[in-house]
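Source file run.cif; content: mmCIF, C-alpha atoms.
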```cif
data_my_file
loop_
_atom_site.label_atom_id
_atom_site.label_comp_id
_atom_site.auth_asym_id
_atom_site.auth_seq_id
_atom_site.Cartn_x
_atom_site.Cartn_y
_atom_site.Cartn_z
CA MET D 1 89.12 77.81 105.03
CA MET D 2 87.61 78.73 101.65
CA ARG D 3 84.52 80.26 103.31
CA VAL D 4 86.75 82.45 105.46
CA LYS D 5 88.52 83.69 102.32
CA VAL D 6 85.20 84.36 100.63
CA PHE D 7 83.95 86.26 103.64
CA ALA D 8 87.15 88.30 103.79
CA ALA D 9 86.74 89.20 100.13
CA VAL D 10 83.17 90.32 100.70
CA ALA D 11 84.20 92.48 103.60
CA ALA D 12 86.86 94.07 101.44
CA LEU D 13 84.44 94.65 98.58
CA VAL D 14 81.64 96.09 100.67
CA ALA D 15 83.94 98.26 102.74
CA LEU D 16 85.98 99.74 99.94
CA GLY D 17 86.98 102.34 102.48
CA SER D 18 89.75 100.06 103.61
CA ALA D 19 92.01 100.82 100.70
CA ALA D 20 95.05 100.66 102.92
CA VAL D 21 94.29 97.06 103.78
CA LEU D 22 93.72 96.18 100.15
CA ALA D 23 96.97 97.87 99.19
CA GLN D 24 98.85 95.56 101.59
CA GLU D 25 97.21 92.37 100.35
CA PRO D 26 98.92 90.68 97.38
CA ARG D 27 97.09 91.24 94.09
CA ARG D 28 96.74 87.54 93.30
CA SER D 29 95.13 86.96 96.68
CA ARG D 30 92.54 89.71 96.06
CA ARG D 31 91.80 88.16 92.67
CA ALA D 32 91.28 84.76 94.27
CA HIS D 33 88.88 86.34 96.78
CA LEU D 34 86.94 88.02 93.99
CA GLU D 35 86.72 84.76 92.05
CA ALA D 36 85.41 82.94 95.14
CA LEU D 37 82.94 85.75 95.72
CA ARG D 38 81.76 85.52 92.12
CA ALA D 39 80.66 81.94 92.63
CA ASP D 40 79.30 82.45 96.14
CA ILE D 41 76.91 85.31 95.40
CA GLY D 42 76.52 84.92 91.65
CA LEU D 43 78.45 87.87 90.23
CA SER D 44 78.55 88.07 86.44
CA ASP D 45 81.74 88.57 84.46
CA GLU D 46 80.70 92.18 83.81
CA GLN D 47 80.13 92.83 87.51
CA VAL D 48 83.52 91.35 88.41
CA SER D 49 85.20 93.44 85.74
CA GLU D 50 83.51 96.61 86.97
CA ILE D 51 84.36 95.85 90.62
CA ARG D 52 87.99 95.39 89.60
CA ARG D 53 87.90 98.77 87.83
CA ILE D 54 86.33 100.42 90.88
CA HIS D 55 89.01 98.87 93.13
CA ARG D 56 91.80 99.95 90.81
CA ASP D 57 90.55 103.53 90.56
CA ALA D 58 89.95 103.74 94.31
CA ARG D 59 93.44 102.44 95.09
CA LYS D 60 95.07 104.93 92.72
CA ALA D 61 93.15 107.82 94.26
CA ALA D 62 93.94 106.63 97.80
CA ILE D 63 97.65 106.33 97.05
CA ARG D 64 97.76 109.85 95.63
CA ARG D 65 95.70 111.31 98.46
CA ASN D 66 97.73 109.55 101.16
CA ALA D 67 100.95 110.88 99.65
CA GLU D 68 99.51 114.40 99.67
CA LEU D 69 98.38 113.92 103.27
CA ARG D 70 101.83 112.79 104.37
CA VAL D 71 103.44 115.82 102.74
CA ALA D 72 100.87 118.19 104.25
CA ARG D 73 101.43 116.69 107.71
CA MET D 74 105.19 117.01 107.30
CA GLU D 75 104.74 120.65 106.36
CA LEU D 76 102.51 121.21 109.38
CA ASP D 77 105.15 119.64 111.62
CA GLU D 78 107.78 121.93 110.12
CA LEU D 79 105.59 124.98 110.73
CA MET D 80 104.87 123.91 114.30
CA GLY D 81 108.58 123.36 114.97
CA ALA D 82 109.71 126.71 113.57
CA ALA D 83 111.31 129.27 115.86
CA THR D 84 108.58 131.78 115.03
CA LEU D 85 105.06 130.51 114.48
CA ASP D 86 103.07 131.67 111.48
CA GLU D 87 99.53 130.93 112.62
CA GLY D 88 98.08 131.79 109.20
CA LYS D 89 100.25 129.17 107.47
CA ILE D 90 99.49 126.65 110.22
CA ALA D 91 95.75 127.24 109.81
CA ALA D 92 96.10 126.83 106.03
CA ARG D 93 97.93 123.48 106.48
CA VAL D 94 95.29 122.26 108.95
CA LYS D 95 92.57 123.22 106.48
CA ALA D 96 94.38 121.44 103.62
CA ILE D 97 94.75 118.29 105.73
CA SER D 98 91.08 118.30 106.71
CA GLU D 99 90.04 118.82 103.07
CA LEU D 100 92.18 115.86 101.99
CA GLN D 101 90.62 113.71 104.72
CA ALA D 102 87.12 114.79 103.68
CA ALA D 103 87.96 114.02 100.04
CA GLY D 104 89.06 110.54 101.12
CA LEU D 105 85.78 109.91 102.89
CA LYS D 106 83.85 111.10 99.85
CA GLU D 107 85.90 108.90 97.48
CA ARG D 108 85.44 105.83 99.71
CA THR D 109 81.70 106.49 99.93
CA ASP D 110 81.44 106.98 96.17
CA SER D 111 83.26 103.69 95.59
CA ARG D 112 80.98 101.84 97.96
CA LEU D 113 77.94 103.37 96.26
CA ALA D 114 79.28 102.33 92.85
CA VAL D 115 79.56 98.71 94.00
CA ARG D 116 76.14 98.91 95.62
CA ARG D 117 74.56 100.15 92.39
CA LEU D 118 76.34 97.40 90.47
CA VAL D 119 74.87 94.44 92.36
CA THR D 120 71.29 93.27 92.71
CA PRO D 121 69.48 93.61 96.05
CA GLU D 122 69.85 89.85 96.56
CA GLN D 123 73.59 89.97 95.87
CA PHE D 124 73.93 92.90 98.25
CA GLN D 125 72.13 90.95 101.00
CA LYS D 126 74.51 88.02 100.46
CA MET D 127 77.46 90.42 100.62
CA GLN D 128 76.18 91.84 103.90
CA GLN D 129 75.77 88.35 105.36
CA ALA D 130 79.23 87.34 104.22
CA LYS D 131 80.66 90.56 105.66
CA ARG D 132 79.16 89.75 109.08
CA HIS D 133 80.54 86.20 108.92
CA ALA D 134 83.99 87.50 107.93
CA PHE D 135 83.95 89.93 110.83
CA ARG D 136 83.06 87.17 113.27
CA ALA D 137 85.73 84.87 111.81
CA HIS D 138 88.32 87.62 112.08
CA ARG D 139 87.45 88.30 115.71
CA ALA D 140 87.58 84.58 116.53
CA ARG D 141 91.17 84.22 115.27
CA PRO D 142 93.86 84.15 117.94
CA ALA D 143 96.09 87.22 118.09
CA ARG D 144 99.47 87.05 116.38
CA ARG D 145 102.54 86.84 118.54
CA GLY D 146 104.65 89.97 118.64
CA VAL D 147 108.39 90.29 118.02
CA SER D 148 109.18 90.31 121.75
CA GLU D 149 107.42 86.97 122.21
CA ARG D 150 109.41 85.06 119.59
CA ALA D 151 111.86 82.41 120.59
CA PRO D 152 115.44 83.68 120.88
CA GLY D 153 117.62 83.05 117.87
CA GLY D 154 114.77 82.12 115.54
CA SER D 155 113.15 84.17 112.84
CA GLY D 156 109.75 83.62 114.39
CA GLY D 157 108.14 83.81 110.95
CA GLU D 158 106.41 80.48 111.39
CA ASP D 159 104.60 81.85 114.44
CA LEU D 160 103.01 84.69 112.47
CA ALA D 161 100.64 82.55 110.41
CA PRO D 162 97.08 82.79 111.70
CA ALA D 163 95.62 79.58 113.05
CA GLU D 164 92.91 77.84 111.06
CA PRO D 165 89.50 78.57 112.61
CA ALA D 166 87.49 75.56 113.69
CA ALA D 167 84.91 74.64 111.04
#
```

Represent the structure of the file as structure tokens.
Amino acid sequence: MMRVKVFAAVAALVALGSAAVLAQEPRRSRRAHLEALRADIGLSDEQVSEIRRIHRDARKAAIRRNAELRVARMELDELMGAATLDEGKIAARVKAISELQAAGLKERTDSRLAVRRLVTPEQFQKMQQAKRHAFRAHRARPARRGVSERAPGGSGGEDLAPAEPAA
């Protein structure tokens, strides 16, 4: 179970582009993953501190950008639903949305590069290996049951916990 958590942490660190996933994961859980990763690939205290800063800055930027994207999409929907179409305003909203999306890709790439520059080549190789293992472990997990499949009258919450993978 601990190896799966370590692998999940590595995948999250290496693929900083998944800020939305990190934003949904409880902070204490991410910290536990980072601590396990520290021991597994030999991160120093300074590296862990810098990775935390990179994560924090990336999450802040992603939250701001995603809010701007939601507003821009709402505005585009309003323009598209208007009685008379203003194609110039629509084109401007589409351009703003694409620029925000491009900025997100650039920020995610910059964050990944920052982590890459922070670790040694050996640590990076271990991260890549752990990322592959985490991906395989994730794919091997059984799918969660949906709301429609829950037993009648029950909360069904106990059915949502992922099964432990075979060691």

Do you know which residues are at most 9 Å from D:Leu69 counting only C-alpha atoms, after dropping those on the same chain fewer than 5 positions away, and could you put them as a PyMOL selection string? chain D and resi 64+74+96-97+100-101

Can I get the selected residues back with C-alpha atoms, as a PDB file, in the coordinates of the input?
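What follows is the written file result.pdb:
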```pdb
ATOM      1  CA  ARG D  64      97.760 109.850  95.630  1.00  0.00           C
ATOM      2  CA  MET D  74     105.190 117.010 107.300  1.00  0.00           C
ATOM      3  CA  ALA D  96      94.380 121.440 103.620  1.00  0.00           C
ATOM      4  CA  ILE D  97      94.750 118.290 105.730  1.00  0.00           C
ATOM      5  CA  LEU D 100      92.180 115.860 101.990  1.00  0.00           C
ATOM      6  CA  GLN D 101      90.620 113.710 104.720  1.00  0.00           C
TER       7      GLN D 101
END
```

On this file, the PyMOL selection byres ((chain D and resi 112-126) around 10) gives some set of residues; write that set as a PyMOL selection string. chain D and resi 10+13-17+37+40-44+46-48+50-51+54-55+58+106-111+127-132

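One distance worth recording is that between atom CA of D:Phe135 and atom CA of D:Ala39, which is 20.1 Å.
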
Distance of atom CA of D:Ala36 from atom CA of D:His133, expressed in Å to one decimal place: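 So the two atoms, atom CA of D:His133 and atom CA of D:Ala36, lie 15.0 Å apart.
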
Atom CA of D:Arg70 to atom CA of D:Val94, distance in Å rounded to a single decimal: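 Between these atoms lies a distance of 12.4 Å.
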
Residue members of the PyMOL selection byres ((chain D and resi 89) around 12) in the file shown, as a count of residues only: 20

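Distances to D:Ala61 were evaluated for D:Ala137, D:Glu35, D:Ala83, D:Ala103 using only C-alpha atoms, and the minimum falls at D:Ala103.
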
May I ask which of the residues D:Gly81, D:Pro142, D:Asp45, D:Gly104 is the closest one to D:Lys60, counting all atoms listed in the file?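 Of all the options, D:Gly104 lies closest to D:Lys60.
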
Kindly compute an axis-aligned box around the listed atoms of stretch 68-84 of chain D, allowing 8 Å on each side, and express its centre and edge lengths in Å to one decimal as lines of an AutoDock Vina configuration file.
```
center_x = 104.8
center_y = 122.3
center_z = 107.8
size_x = 28.9
size_y = 35.0
size_z = 32.2
```
